[in-house]
Structures are given as C-alpha cells and as structure tokens.
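Asker: Sharing run05.txt below, compact mmCIF, N, CA and C atoms and all ligand atoms:
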# COMPACT_ATOMS: atom_id res chain seq x y z
N MET V 1 36.45 2.82 -39.83
CA MET V 1 36.30 4.12 -39.15
C MET V 1 37.65 4.83 -39.01
N PHE V 2 37.63 6.07 -39.34
CA PHE V 2 38.86 6.85 -39.23
C PHE V 2 38.74 7.83 -38.07
N ASP V 3 39.06 7.35 -36.92
CA ASP V 3 38.94 8.25 -35.77
C ASP V 3 40.28 8.81 -35.35
N LYS V 4 41.33 8.45 -36.13
CA LYS V 4 42.65 8.98 -35.82
C LYS V 4 43.10 9.91 -36.94
N ALA V 5 43.71 10.98 -36.56
CA ALA V 5 44.23 11.92 -37.54
C ALA V 5 45.71 12.15 -37.24
N LYS V 6 46.41 12.66 -38.22
CA LYS V 6 47.83 12.93 -38.00
C LYS V 6 48.06 14.43 -37.99
N ASP V 7 48.75 14.86 -36.97
CA ASP V 7 49.18 16.26 -36.90
C ASP V 7 50.24 16.46 -37.98
N PRO V 8 49.96 17.31 -38.98
CA PRO V 8 50.93 17.46 -40.08
C PRO V 8 52.21 18.19 -39.69
N VAL V 9 52.21 18.81 -38.55
CA VAL V 9 53.39 19.56 -38.13
C VAL V 9 54.38 18.65 -37.39
N CYS V 10 53.92 17.97 -36.34
CA CYS V 10 54.83 17.15 -35.55
C CYS V 10 54.66 15.66 -35.82
N LYS V 11 53.69 15.30 -36.72
CA LYS V 11 53.45 13.90 -37.13
C LYS V 11 52.88 13.03 -36.03
N MET V 12 52.42 13.64 -34.99
CA MET V 12 51.84 12.90 -33.89
C MET V 12 50.44 12.43 -34.27
N LYS V 13 50.07 11.24 -33.83
CA LYS V 13 48.73 10.75 -34.08
C LYS V 13 47.79 11.29 -33.01
N ILE V 14 46.67 11.82 -33.47
CA ILE V 14 45.72 12.37 -32.52
C ILE V 14 44.32 11.88 -32.80
N LYS V 15 43.52 11.93 -31.79
CA LYS V 15 42.15 11.48 -31.92
C LYS V 15 41.27 12.62 -32.43
N ARG V 16 40.45 12.29 -33.42
CA ARG V 16 39.50 13.28 -33.92
C ARG V 16 38.40 13.44 -32.90
N SER V 17 38.16 14.65 -32.49
CA SER V 17 37.06 14.90 -31.58
C SER V 17 36.63 16.35 -31.70
N ALA V 18 35.50 16.64 -31.12
CA ALA V 18 34.94 17.99 -31.21
C ALA V 18 35.84 19.00 -30.52
N THR V 19 36.63 18.55 -29.58
CA THR V 19 37.47 19.48 -28.83
C THR V 19 38.88 19.59 -29.40
N ALA V 20 39.16 18.82 -30.43
CA ALA V 20 40.50 18.85 -31.01
C ALA V 20 40.79 20.22 -31.64
N THR V 21 42.07 20.54 -31.68
CA THR V 21 42.49 21.76 -32.34
C THR V 21 42.55 21.50 -33.84
N THR V 22 41.81 22.27 -34.61
CA THR V 22 41.76 22.02 -36.05
C THR V 22 41.98 23.30 -36.82
N SER V 23 42.29 23.11 -38.08
CA SER V 23 42.41 24.23 -38.99
C SER V 23 42.00 23.77 -40.38
N GLU V 24 41.32 24.64 -41.09
CA GLU V 24 40.89 24.26 -42.42
C GLU V 24 41.82 24.90 -43.44
N TYR V 25 42.23 24.09 -44.39
CA TYR V 25 43.11 24.60 -45.43
C TYR V 25 42.70 24.00 -46.76
N GLU V 26 42.39 24.83 -47.71
CA GLU V 26 41.93 24.41 -49.04
C GLU V 26 40.82 23.36 -48.96
N GLY V 27 39.88 23.62 -48.08
CA GLY V 27 38.71 22.75 -47.98
C GLY V 27 38.91 21.48 -47.17
N LYS V 28 40.12 21.26 -46.67
CA LYS V 28 40.39 20.08 -45.86
C LYS V 28 40.61 20.47 -44.42
N LEU V 29 40.18 19.58 -43.54
CA LEU V 29 40.32 19.85 -42.12
C LEU V 29 41.54 19.11 -41.58
N TYR V 30 42.38 19.83 -40.89
CA TYR V 30 43.59 19.24 -40.31
C TYR V 30 43.50 19.30 -38.79
N TYR V 31 44.05 18.27 -38.18
CA TYR V 31 44.00 18.16 -36.72
C TYR V 31 45.37 18.37 -36.11
N PHE V 32 45.39 18.99 -34.96
CA PHE V 32 46.66 19.31 -34.30
C PHE V 32 46.64 18.91 -32.84
N CYS V 33 47.83 18.62 -32.34
CA CYS V 33 47.94 18.21 -30.94
C CYS V 33 47.82 19.41 -30.01
N SER V 34 48.13 20.59 -30.55
CA SER V 34 48.12 21.78 -29.71
C SER V 34 47.96 23.04 -30.55
N GLU V 35 47.68 24.12 -29.88
CA GLU V 35 47.60 25.43 -30.54
C GLU V 35 48.91 25.78 -31.22
N LYS V 36 50.00 25.38 -30.59
CA LYS V 36 51.33 25.68 -31.10
C LYS V 36 51.53 25.12 -32.50
N CYS V 37 51.14 23.86 -32.66
CA CYS V 37 51.27 23.23 -33.97
C CYS V 37 50.34 23.88 -34.97
N ARG V 38 49.17 24.25 -34.55
CA ARG V 38 48.24 24.88 -35.47
C ARG V 38 48.78 26.23 -35.94
N GLU V 39 49.38 26.97 -35.03
CA GLU V 39 49.98 28.25 -35.41
C GLU V 39 51.07 28.06 -36.46
N GLN V 40 51.90 27.05 -36.22
CA GLN V 40 52.96 26.73 -37.17
C GLN V 40 52.37 26.43 -38.54
N PHE V 41 51.32 25.63 -38.53
CA PHE V 41 50.66 25.24 -39.77
C PHE V 41 50.07 26.46 -40.48
N ASP V 42 49.37 27.28 -39.74
CA ASP V 42 48.72 28.46 -40.33
C ASP V 42 49.75 29.41 -40.93
N LYS V 43 50.91 29.48 -40.35
CA LYS V 43 51.97 30.36 -40.85
C LYS V 43 52.54 29.88 -42.16
N ASN V 44 52.59 28.57 -42.31
CA ASN V 44 53.27 28.01 -43.47
C ASN V 44 52.58 26.72 -43.94
N ALA V 45 51.29 26.82 -44.17
CA ALA V 45 50.48 25.64 -44.48
C ALA V 45 51.00 24.85 -45.69
N SER V 46 51.41 25.53 -46.71
CA SER V 46 51.82 24.83 -47.94
C SER V 46 53.00 23.90 -47.71
N LYS V 47 53.77 24.17 -46.67
CA LYS V 47 54.92 23.34 -46.35
C LYS V 47 54.51 22.00 -45.75
N TYR V 48 53.33 21.96 -45.15
CA TYR V 48 52.93 20.77 -44.41
C TYR V 48 51.91 19.87 -45.12
N VAL V 49 51.30 20.36 -46.17
CA VAL V 49 50.27 19.54 -46.81
C VAL V 49 50.83 18.72 -47.97
ZN ZN V 101 51.67 18.69 -32.95
Written as structure tokens, that's how I'd like the structure from this file.
Answerer:
Amino acid sequence: MFDKAKDPVCKMKIKRSATATTSEYEGKLYYFCSEKCREQFDKNASKYV
C-alpha cells in the first residue's frame, strides 16, 4: 500500500488523504504539505517533476 506521498517542492513525506493539498500535472497527481508548496509547484512544475 502506498499511503505516503512526497511533496516534490520541500521533499517532505505526507499522507495521502482526501483533504491533502494536491495538484495535477501531466496526468499525475502530486501531494503537498501546504498551499504554499502547491503554489510553488504550479508556478514552475517542470522544475520539480
Ligand atoms: Zn511542502
């Protein structure tokens, strides 16, 4: 079971859940520890994938 995801911005391990902050990029779902990290990712996604 893969219930842990990695925040691609700050590399923090986070739990996958319905309430997690996520963003979809090129068909893949990414998980974030906070809105701040998601904003960073959305601004420059290609840098983090
Ligand atoms: Zn983060």
Asker: I want to know what sits within 12 Å of Ser46 in chain V, based on only C-alpha atoms, with residues of the same chain fewer than 6 positions away left out; could you give that as a count of residues only?
Answerer: 5
Asker: If you measure from CA of Lys28 in chain V to CA of Ala45 in chain V, what distance in Å do you get, rounded to one decimal?
Answerer: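 According to the coordinates, CA of Lys28 in chain V and CA of Ala45 in chain V are separated by 11.6 Å.
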Asker: As a PyMOL selection string, please: the residues near Ser23 in chain V (cut-off 7 Å, all atoms listed in the file, same-chain neighbours under 6 positions excluded).
Answerer: chain V and resi 29-32+38
Asker: Take the selection from the previous step and output its residues with N, CA and C atoms, as an mmCIF file, keeping the file's coordinate frame.
Answerer:
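Listed below is the output, again-v9.cif:
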data_model
loop_
_atom_site.group_PDB
_atom_site.id
_atom_site.type_symbol
_atom_site.label_atom_id
_atom_site.label_comp_id
_atom_site.auth_asym_id
_atom_site.auth_seq_id
_atom_site.Cartn_x
_atom_site.Cartn_y
_atom_site.Cartn_z
ATOM 1 N N LEU V 29 40.180 19.580 -43.540
ATOM 2 C CA LEU V 29 40.320 19.850 -42.120
ATOM 3 C C LEU V 29 41.540 19.110 -41.580
ATOM 4 N N TYR V 30 42.380 19.830 -40.890
ATOM 5 C CA TYR V 30 43.590 19.240 -40.310
ATOM 6 C C TYR V 30 43.500 19.300 -38.790
ATOM 7 N N TYR V 31 44.050 18.270 -38.180
ATOM 8 C CA TYR V 31 44.000 18.160 -36.720
ATOM 9 C C TYR V 31 45.370 18.370 -36.110
ATOM 10 N N PHE V 32 45.390 18.990 -34.960
ATOM 11 C CA PHE V 32 46.660 19.310 -34.300
ATOM 12 C C PHE V 32 46.640 18.910 -32.840
ATOM 13 N N ARG V 38 49.170 24.250 -34.550
ATOM 14 C CA ARG V 38 48.240 24.880 -35.470
ATOM 15 C C ARG V 38 48.780 26.230 -35.940
#
Asker: List all protein, DNA and RNA residues that have at least one atom no more than 9 Å from any atom of ligand ZN 101 (chain V), counting only C-alpha atoms and all ligand atoms, and write them as JSON, numbers by chain.
Answerer: {"V": [6, 7, 8, 9, 10, 11, 12, 13, 14, 31, 32, 33, 34, 35, 36, 37, 38]}
Asker: Among chain V, which residues carry a DSSP assignment of helix (DSSP H, G or I), reported as a list in words?
Answerer: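 Assigned to helix (DSSP H, G or I), within chain V: Glu35, Lys36, Cys37, Arg38, Glu39, Gln40, Phe41, Asp42, Lys43, Ala45, Ser46, Lys47 and Tyr48 of chain V.
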Asker: For atom N of Phe41 in chain V and atom C of Glu24 in chain V, quote the distance in Å rounded to one decimal.
Answerer: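 Separating atom N of Phe41 in chain V from atom C of Glu24 in chain V is a distance of 10.7 Å.
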Asker: Give me, please, the distance in Å between atom N of Lys15 in chain V and CA of Asp3 in chain V, quoted to one decimal.
Answerer: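 Pair atom N of Lys15 in chain V / CA of Asp3 in chain V returns 7.1 Å.
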Asker: Looking only at the backbone, which of the residues in range 1-41 of chain V does DSSP tag as strand (DSSP E or B), as a ChimeraX atom specification?
Answerer: /V:4-6,13-15,21-25,28-32
